[in-house]
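Here is the file final.pdb (PDB, C-alpha atoms).
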ATOM      1  CA  PRO A 257     -13.492  48.791  11.506
ATOM      2  CA  LYS A 258     -12.962  45.624   9.463
ATOM      3  CA  ILE A 259      -9.282  45.237   8.572
ATOM      4  CA  LEU A 260      -9.266  42.096   6.460
ATOM      5  CA  GLU A 261     -11.730  41.100   3.767
ATOM      6  CA  PRO A 262     -13.288  37.630   3.952
ATOM      7  CA  LEU A 263     -11.575  34.850   2.029
ATOM      8  CA  VAL A 264     -13.630  33.530  -0.890
ATOM      9  CA  ILE A 265     -13.055  29.916  -1.966
ATOM     10  CA  GLY A 266     -15.311  29.160  -4.901
ATOM     11  CA  ASP A 267     -18.766  29.976  -3.507
ATOM     12  CA  LEU A 268     -17.650  29.716   0.140
ATOM     13  CA  GLU A 269     -16.935  32.763   2.247
ATOM     14  CA  VAL A 270     -14.550  32.485   5.199
ATOM     15  CA  PRO A 271     -15.109  35.547   7.459
ATOM     16  CA  ILE A 272     -11.585  35.500   8.925
ATOM     17  CA  PRO A 273      -9.211  34.996   5.969
ATOM     18  CA  ILE A 274      -7.014  32.352   7.578
ATOM     19  CA  VAL A 275      -6.681  28.717   6.519
ATOM     20  CA  GLN A 276      -5.307  26.590   9.352
ATOM     21  CA  GLY A 277      -2.605  24.263   8.084
ATOM     22  CA  GLY A 278      -3.151  20.523   7.860
ATOM     23  CA  MET A 279      -0.548  18.815  10.046
ATOM     24  CA  GLY A 280      -0.556  15.062   9.632
ATOM     25  CA  VAL A 281      -0.504  12.022  11.876
ATOM     26  CA  GLN A 282      -3.293  13.122  14.193
ATOM     27  CA  VAL A 283      -2.185  16.713  14.831
ATOM     28  CA  SER A 284      -4.821  18.525  12.756
ATOM     29  CA  THR A 285      -7.907  16.577  13.743
ATOM     30  CA  ALA A 286     -11.524  17.547  14.412
ATOM     31  CA  SER A 287     -10.776  19.261  17.705
ATOM     32  CA  LEU A 288      -8.395  21.772  16.092
ATOM     33  CA  ALA A 289     -10.195  22.165  12.755
ATOM     34  CA  GLY A 290     -13.610  22.520  14.401
ATOM     35  CA  ALA A 291     -12.342  25.122  16.869
ATOM     36  CA  VAL A 292     -10.688  27.151  14.089
ATOM     37  CA  ALA A 293     -13.849  26.999  11.960
ATOM     38  CA  ALA A 294     -16.003  27.992  14.943
ATOM     39  CA  CYS A 295     -13.883  31.146  15.266
ATOM     40  CA  GLY A 296     -14.628  32.091  11.632
ATOM     41  CA  ALA A 297     -11.478  30.881   9.869
ATOM     42  CA  ALA A 298     -11.089  27.725   7.755
ATOM     43  CA  GLY A 299     -10.282  24.602   9.769
ATOM     44  CA  THR A 300      -8.302  21.824   8.120
ATOM     45  CA  ILE A 301      -8.156  18.144   9.030
ATOM     46  CA  ALA A 302      -4.991  16.388   7.832
ATOM     47  CA  GLY A 303      -5.887  13.143   6.103
ATOM     48  CA  VAL A 304      -2.538  11.468   6.724
ATOM     49  CA  GLY A 305      -2.227   8.937   9.530
ATOM     50  CA  LEU A 306      -5.672   9.361  11.064
ATOM     51  CA  GLY A 307      -6.078   5.614  11.556
ATOM     52  CA  TYR A 308      -2.738   5.110  13.323
ATOM     53  CA  GLY A 309      -3.003   3.485  16.699
ATOM     54  CA  SER A 310      -6.138   1.531  15.870
ATOM     55  CA  GLU A 311      -6.198  -2.241  15.640
ATOM     56  CA  GLU A 312      -7.966  -1.945  12.289
ATOM     57  CA  ASN A 313      -5.015   0.055  10.926
ATOM     58  CA  GLU A 314      -2.789  -2.986  11.417
ATOM     59  CA  THR A 315      -5.082  -5.303   9.438
ATOM     60  CA  ASP A 316      -6.835  -3.005   6.937
ATOM     61  CA  PHE A 317      -5.063   0.339   6.492
ATOM     62  CA  PRO A 318      -7.389   1.696   3.747
ATOM     63  CA  SER A 319     -10.517   0.937   5.758
ATOM     64  CA  ALA A 320      -9.049   2.412   8.957
ATOM     65  CA  SER A 321      -8.065   5.567   7.060
ATOM     66  CA  ARG A 322     -11.534   5.965   5.517
ATOM     67  CA  ARG A 323     -13.319   5.379   8.799
ATOM     68  CA  ALA A 324     -11.091   7.771  10.733
ATOM     69  CA  LEU A 325     -11.372  10.529   8.110
ATOM     70  CA  LYS A 326     -15.178  10.271   8.004
ATOM     71  CA  GLU A 327     -15.317  10.396  11.796
ATOM     72  CA  GLU A 328     -13.033  13.439  12.055
ATOM     73  CA  ILE A 329     -15.084  15.336   9.457
ATOM     74  CA  ARG A 330     -18.310  14.379  11.264
ATOM     75  CA  LYS A 331     -16.947  15.530  14.650
ATOM     76  CA  ALA A 332     -15.625  18.831  13.269
ATOM     77  CA  LYS A 333     -18.886  19.579  11.457
ATOM     78  CA  ALA A 334     -20.824  18.851  14.675
ATOM     79  CA  MET A 335     -18.792  21.563  16.442
ATOM     80  CA  THR A 336     -19.518  24.388  14.003
ATOM     81  CA  LYS A 337     -21.373  25.674  10.976
ATOM     82  CA  GLY A 338     -18.048  27.128   9.820
ATOM     83  CA  VAL A 339     -15.778  25.975   6.999
ATOM     84  CA  VAL A 340     -14.054  22.623   7.538
ATOM     85  CA  GLY A 341     -11.795  21.069   4.928
ATOM     86  CA  VAL A 342      -9.228  18.345   4.505
ATOM     87  CA  ASN A 343      -5.566  18.371   3.496
ATOM     88  CA  LEU A 344      -4.523  15.355   1.413
ATOM     89  CA  LEU A 345      -1.072  14.525   0.103
ATOM     90  CA  GLY A 346      -1.041  13.450  -3.521
ATOM     91  CA  ALA A 347       1.853  11.115  -2.714
ATOM     92  CA  LEU A 348      -0.309   8.930  -0.456
ATOM     93  CA  SER A 349      -0.965   5.409  -1.700
ATOM     94  CA  ASN A 350      -4.646   5.879  -0.779
ATOM     95  CA  PHE A 351      -4.991   9.474  -2.020
ATOM     96  CA  GLU A 352      -7.856   8.723  -4.413
ATOM     97  CA  ASP A 353      -9.786   6.768  -1.786
ATOM     98  CA  LEU A 354      -9.355   9.552   0.791
ATOM     99  CA  ALA A 355     -10.410  12.254  -1.705
ATOM    100  CA  ARG A 356     -13.617  10.374  -2.486
ATOM    101  CA  THR A 357     -14.203   9.792   1.230
ATOM    102  CA  ALA A 358     -13.668  13.459   2.143
ATOM    103  CA  ALA A 359     -16.062  14.670  -0.544
ATOM    104  CA  ALA A 360     -18.746  12.138   0.394
ATOM    105  CA  ALA A 361     -18.359  13.015   4.099
ATOM    106  CA  GLY A 362     -19.082  16.696   3.385
ATOM    107  CA  ALA A 363     -15.661  18.345   3.493
ATOM    108  CA  ASP A 364     -16.066  21.953   2.385
ATOM    109  CA  PHE A 365     -12.715  21.866   0.602
ATOM    110  CA  ILE A 366      -9.771  19.635  -0.185
ATOM    111  CA  ALA A 367      -6.320  21.207  -0.180
ATOM    112  CA  SER A 368      -3.861  18.932  -1.936
ATOM    113  CA  GLY A 369      -0.105  19.071  -2.332
ATOM    114  CA  ALA A 370       2.899  16.709  -2.444
ATOM    115  CA  GLY A 371       2.296  16.193  -6.134
ATOM    116  CA  LEU A 372       0.019  17.710  -8.737
ATOM    117  CA  PRO A 373      -3.612  16.692  -8.037
ATOM    118  CA  LEU A 374      -4.476  16.269 -11.708
ATOM    119  CA  CYS A 375      -7.304  13.762 -11.119
ATOM    120  CA  LEU A 376      -8.908  15.507  -8.119
ATOM    121  CA  PRO A 377     -12.011  16.775  -9.970
ATOM    122  CA  ALA A 378     -12.899  13.243 -11.069
ATOM    123  CA  LEU A 379     -12.630  11.997  -7.487
ATOM    124  CA  THR A 380     -15.025  14.612  -6.120
ATOM    125  CA  GLU A 381     -17.537  14.774  -8.956
ATOM    126  CA  GLY A 382     -21.108  15.221  -7.777
ATOM    127  CA  PHE A 383     -20.131  16.885  -4.508
ATOM    128  CA  GLN A 384     -19.837  20.549  -3.497
ATOM    129  CA  THR A 385     -16.271  20.125  -2.212
ATOM    130  CA  ARG A 386     -14.056  23.037  -3.303
ATOM    131  CA  LEU A 387     -10.646  22.076  -4.667
ATOM    132  CA  ILE A 388      -7.481  23.927  -3.672
ATOM    133  CA  PRO A 389      -4.175  22.661  -5.074
ATOM    134  CA  ILE A 390      -1.033  23.506  -3.111
ATOM    135  CA  VAL A 391       1.694  24.714  -5.478
ATOM    136  CA  SER A 392       5.182  26.131  -5.256
ATOM    137  CA  SER A 393       5.318  27.707  -8.716
ATOM    138  CA  ALA A 394       3.252  29.321 -11.424
ATOM    139  CA  ARG A 395       4.320  26.464 -13.717
ATOM    140  CA  ALA A 396       2.625  23.918 -11.430
ATOM    141  CA  ALA A 397      -0.513  26.078 -11.267
ATOM    142  CA  ALA A 398      -0.577  26.396 -15.059
ATOM    143  CA  ILE A 399      -0.290  22.625 -15.548
ATOM    144  CA  ILE A 400      -3.173  22.017 -13.137
ATOM    145  CA  ILE A 401      -5.383  24.665 -14.738
ATOM    146  CA  LYS A 402      -4.695  23.425 -18.282
ATOM    147  CA  THR A 403      -5.287  19.775 -17.342
ATOM    148  CA  TRP A 404      -8.476  20.448 -15.369
ATOM    149  CA  LYS A 405      -9.933  22.628 -18.139
ATOM    150  CA  LYS A 406      -9.211  20.007 -20.793
ATOM    151  CA  ARG A 407     -10.313  16.937 -18.816
ATOM    152  CA  TYR A 408     -13.041  18.302 -16.542
ATOM    153  CA  SER A 409     -14.075  21.739 -17.874
ATOM    154  CA  ARG A 410     -13.303  23.354 -14.543
ATOM    155  CA  VAL A 411     -10.588  25.253 -12.719
ATOM    156  CA  PRO A 412      -9.396  25.193  -9.116
ATOM    157  CA  ASP A 413     -11.427  27.110  -6.545
ATOM    158  CA  GLY A 414      -8.192  28.563  -5.202
ATOM    159  CA  PHE A 415      -4.493  27.890  -4.757
ATOM    160  CA  ILE A 416      -2.271  27.721  -1.713
ATOM    161  CA  VAL A 417       1.196  28.936  -2.648
ATOM    162  CA  GLU A 418       4.110  27.593  -0.606
ATOM    163  CA  GLY A 419       7.471  29.275  -0.686
ATOM    164  CA  PRO A 420      10.832  27.710   0.126
ATOM    165  CA  LEU A 421      10.423  28.419   3.862
ATOM    166  CA  ALA A 422       7.068  26.667   4.241
ATOM    167  CA  GLY A 423       6.890  23.501   6.271
ATOM    168  CA  GLY A 424       5.657  20.341   4.671
ATOM    169  CA  HIS A 425       6.186  18.838   1.263
ATOM    170  CA  LEU A 426       7.731  21.438  -1.000
ATOM    171  CA  GLY A 427       8.529  21.561  -4.680
ATOM    172  CA  PHE A 428      11.960  23.116  -4.285
ATOM    173  CA  LYS A 429      15.464  21.800  -4.862
ATOM    174  CA  SER A 430      17.757  21.805  -1.831
ATOM    175  CA  ASP A 431      19.894  24.647  -3.230
ATOM    176  CA  GLU A 432      16.773  26.849  -3.422
ATOM    177  CA  LEU A 433      16.108  26.495   0.301
ATOM    178  CA  GLU A 434      19.225  28.134   1.790
ATOM    179  CA  PRO A 435      19.796  30.966   2.021
ATOM    180  CA  PRO A 436      16.265  32.074   1.180
ATOM    181  CA  ARG A 437      16.057  34.913  -1.289
ATOM    182  CA  PRO A 438      13.975  37.792   0.112
ATOM    183  CA  GLY A 439      10.769  38.328  -1.847
ATOM    184  CA  ARG A 440      10.689  34.828  -3.356
ATOM    185  CA  LEU A 441       7.259  33.930  -1.968
ATOM    186  CA  GLU A 442       5.764  37.271  -2.968
ATOM    187  CA  GLU A 443       7.046  36.753  -6.523
ATOM    188  CA  GLU A 444       5.598  33.238  -6.673
ATOM    189  CA  VAL A 445       2.197  34.447  -5.426
ATOM    190  CA  ALA A 446       2.135  37.213  -8.056
ATOM    191  CA  GLU A 447       3.060  34.728 -10.802
ATOM    192  CA  VAL A 448       0.404  32.214  -9.683
ATOM    193  CA  LEU A 449      -2.212  34.996  -9.601
ATOM    194  CA  GLU A 450      -1.261  36.001 -13.138
ATOM    195  CA  VAL A 451      -1.632  32.413 -14.379
ATOM    196  CA  ALA A 452      -4.933  31.965 -12.535
ATOM    197  CA  ARG A 453      -6.407  35.141 -14.056
ATOM    198  CA  ASP A 454      -5.612  34.099 -17.651
TER     199      ASP A 454
END

Let me see whether you can do it: turn the structure in this file into structure tokens.
Amino acid sequence: PKILEPLVIGDLEVPIPIVQGGMGVQVSTASLAGAVAACGAAGTIAGVGLGYGSEENETDFPSASRRALKEEIRKAKAMTKGVVGVNLLGALSNFEDLARTAAAAGADFIASGAGLPLCLPALTEGFQTRLIPIVSSARAAAIIIKTWKKRYSRVPDGFIVEGPLAGGHLGFKSDELEPPRPGRLEEEVAEVLEVARD
């Protein structure tokens, strides 16, 4: 019997409701994301540091980043008909360029954290890329929803909610990290769901 329901992201259905995390600097590349997607979950390519190690990166960082991201998406998509997305940090100096590149290269989704991705819909306009902000509070989710509705007449296709124990780029103060309060993540998820349903 089926235990878990598929994950629905906008109009995408992910048979195994798992989104592989985007780990930067050439950890989550096409080989990992494509393999995860081929198994029925959602594979994620991390957009940070993909051009490192190339000669082009030393002379033209934006171009090296674009080229590497396009190539990783192409390779992952060639491995599977499954769902392949990209994780982009809003704090990157070339965030907007990478978002446009990911959408044009056919990324199924963009997950974006390390800042509020308030301009993400404008960067992906005209493409079918689903947009998934990464938030650590209902307040952040509410700001994104309100801004996107007002500016772009749309809402996110989903949210990833990170609690204080998540790895990566969190929206918590240092005193909120230790000791972790049991149930904190569950409370945040419930609050984000409430905001998203309004």

Restricting to all atoms listed in the file, whichever of A:Leu421, A:Leu306, A:Ile401, A:Val340 is closest to Phe365 of chain A is A:Val340

message = I'd like to see the residues matched by the PyMOL selection byres ((chain A and resi 384) around 9) on this file, and ideally I'd get them as a list in words.
response = Ala359, Gly362, Ala363, Asp364, Phe365, Thr380, Glu381, Gly382, Phe383, Thr385 and Arg386 of chain A

*Evaluate the PyMOL selection byres ((chain A and resi 337) around 10) and report residues as a PyMOL selection string*: chain A and resi 290+293-294+296+332-336+338-340

inquiry  = Selection in question (the file shown): the PyMOL selection byres ((chain A and resi 297) around 12). Which residues does it include, as a PyMOL selection string?
reply    = chain A and resi 260-265+268-277+288-296+298-300+336-341

What does the file look like for those residues with C-alpha atoms, as a PDB file, in the coordinates of the input?
ATOM      1  CA  LEU A 260      -9.266  42.096   6.460  1.00  0.00           C
ATOM      2  CA  GLU A 261     -11.730  41.100   3.767  1.00  0.00           C
ATOM      3  CA  PRO A 262     -13.288  37.630   3.952  1.00  0.00           C
ATOM      4  CA  LEU A 263     -11.575  34.850   2.029  1.00  0.00           C
ATOM      5  CA  VAL A 264     -13.630  33.530  -0.890  1.00  0.00           C
ATOM      6  CA  ILE A 265     -13.055  29.916  -1.966  1.00  0.00           C
ATOM      7  CA  LEU A 268     -17.650  29.716   0.140  1.00  0.00           C
ATOM      8  CA  GLU A 269     -16.935  32.763   2.247  1.00  0.00           C
ATOM      9  CA  VAL A 270     -14.550  32.485   5.199  1.00  0.00           C
ATOM     10  CA  PRO A 271     -15.109  35.547   7.459  1.00  0.00           C
ATOM     11  CA  ILE A 272     -11.585  35.500   8.925  1.00  0.00           C
ATOM     12  CA  PRO A 273      -9.211  34.996   5.969  1.00  0.00           C
ATOM     13  CA  ILE A 274      -7.014  32.352   7.578  1.00  0.00           C
ATOM     14  CA  VAL A 275      -6.681  28.717   6.519  1.00  0.00           C
ATOM     15  CA  GLN A 276      -5.307  26.590   9.352  1.00  0.00           C
ATOM     16  CA  GLY A 277      -2.605  24.263   8.084  1.00  0.00           C
ATOM     17  CA  LEU A 288      -8.395  21.772  16.092  1.00  0.00           C
ATOM     18  CA  ALA A 289     -10.195  22.165  12.755  1.00  0.00           C
ATOM     19  CA  GLY A 290     -13.610  22.520  14.401  1.00  0.00           C
ATOM     20  CA  ALA A 291     -12.342  25.122  16.869  1.00  0.00           C
ATOM     21  CA  VAL A 292     -10.688  27.151  14.089  1.00  0.00           C
ATOM     22  CA  ALA A 293     -13.849  26.999  11.960  1.00  0.00           C
ATOM     23  CA  ALA A 294     -16.003  27.992  14.943  1.00  0.00           C
ATOM     24  CA  CYS A 295     -13.883  31.146  15.266  1.00  0.00           C
ATOM     25  CA  GLY A 296     -14.628  32.091  11.632  1.00  0.00           C
ATOM     26  CA  ALA A 298     -11.089  27.725   7.755  1.00  0.00           C
ATOM     27  CA  GLY A 299     -10.282  24.602   9.769  1.00  0.00           C
ATOM     28  CA  THR A 300      -8.302  21.824   8.120  1.00  0.00           C
ATOM     29  CA  THR A 336     -19.518  24.388  14.003  1.00  0.00           C
ATOM     30  CA  LYS A 337     -21.373  25.674  10.976  1.00  0.00           C
ATOM     31  CA  GLY A 338     -18.048  27.128   9.820  1.00  0.00           C
ATOM     32  CA  VAL A 339     -15.778  25.975   6.999  1.00  0.00           C
ATOM     33  CA  VAL A 340     -14.054  22.623   7.538  1.00  0.00           C
ATOM     34  CA  GLY A 341     -11.795  21.069   4.928  1.00  0.00           C
TER      35      GLY A 341
END

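Here atom CA of Ala378 of chain A and atom CA of Thr285 of chain A stand 25.5 Å from one another.
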
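Rounded to one decimal, atom CA of Trp404 of chain A and atom CA of Pro389 of chain A lie 11.4 Å from each other.
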
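What separates atom CA of Ala422 of chain A from atom CA of Leu325 of chain A is a distance of 24.8 Å.
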
For Leu345 of chain A, the closest of A:Ser287, A:Arg395, A:Val448, A:Ala367 counting all atoms listed in the file is A:Ala367

Write out as a PDB file with C-alpha atoms, in the frame of the given file the residues lying within 7 Å of Arg322 of chain A, counting only C-alpha atoms and excluding same-chain residues fewer than 4 positions away.
ATOM      1  CA  PRO A 318      -7.389   1.696   3.747  1.00  0.00           C
ATOM      2  CA  LYS A 326     -15.178  10.271   8.004  1.00  0.00           C
ATOM      3  CA  LEU A 354      -9.355   9.552   0.791  1.00  0.00           C
ATOM      4  CA  THR A 357     -14.203   9.792   1.230  1.00  0.00           C
TER       5      THR A 357
END

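Nearest to Ser321 of chain A of all the residues A:Ala286, A:Ala360, A:Leu374, A:Val281 is A:Val281, counting all atoms listed in the file.
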
Exercise. Considering all atoms listed in the file, return as a ChimeraX atom specification whatever protein or nucleic-acid residues lie within 7 Å of Gly278 of chain A, sequence-local ones (same chain, fewer than 4 positions apart) excluded.
Key: /A:284,300-302,343

Those same residues, written as a PDB file, in the coordinates of the input with C-alpha atoms?
ATOM      1  CA  SER A 284      -4.821  18.525  12.756  1.00  0.00           C
ATOM      2  CA  THR A 300      -8.302  21.824   8.120  1.00  0.00           C
ATOM      3  CA  ILE A 301      -8.156  18.144   9.030  1.00  0.00           C
ATOM      4  CA  ALA A 302      -4.991  16.388   7.832  1.00  0.00           C
ATOM      5  CA  ASN A 343      -5.566  18.371   3.496  1.00  0.00           C
TER       6      ASN A 343
END

Among A:Gly419, A:Ala355, A:Val411, A:Pro377, Ala398 of chain A is approached most closely, using only C-alpha atoms, by A:Val411

Compile the contact shell of segment 390-394 of chain A as an MDAnalysis selection string: residues with an atom at most 8 Å away, counting only C-alpha atoms, same-chain residues fewer than 3 positions apart removed. chainID A and resid 367:370 372 397:398 415:420 426:428 444:445 447:448 451

Report, as lines of an AutoDock Vina configuration file, the axis-aligned box around all atoms of segment 379-386 of chain A present in the file, extended by 4 Å on each side; give centre and edge lengths in Å to one decimal place.
center_x = -16.9
center_y = 17.5
center_z = -5.6
size_x = 16.5
size_y = 19.0
size_z = 14.7

Among A:Gly280, A:Lys331, A:Ser349, A:Gly266, Arg410 of chain A is approached most closely, using only C-alpha atoms, by A:Gly266
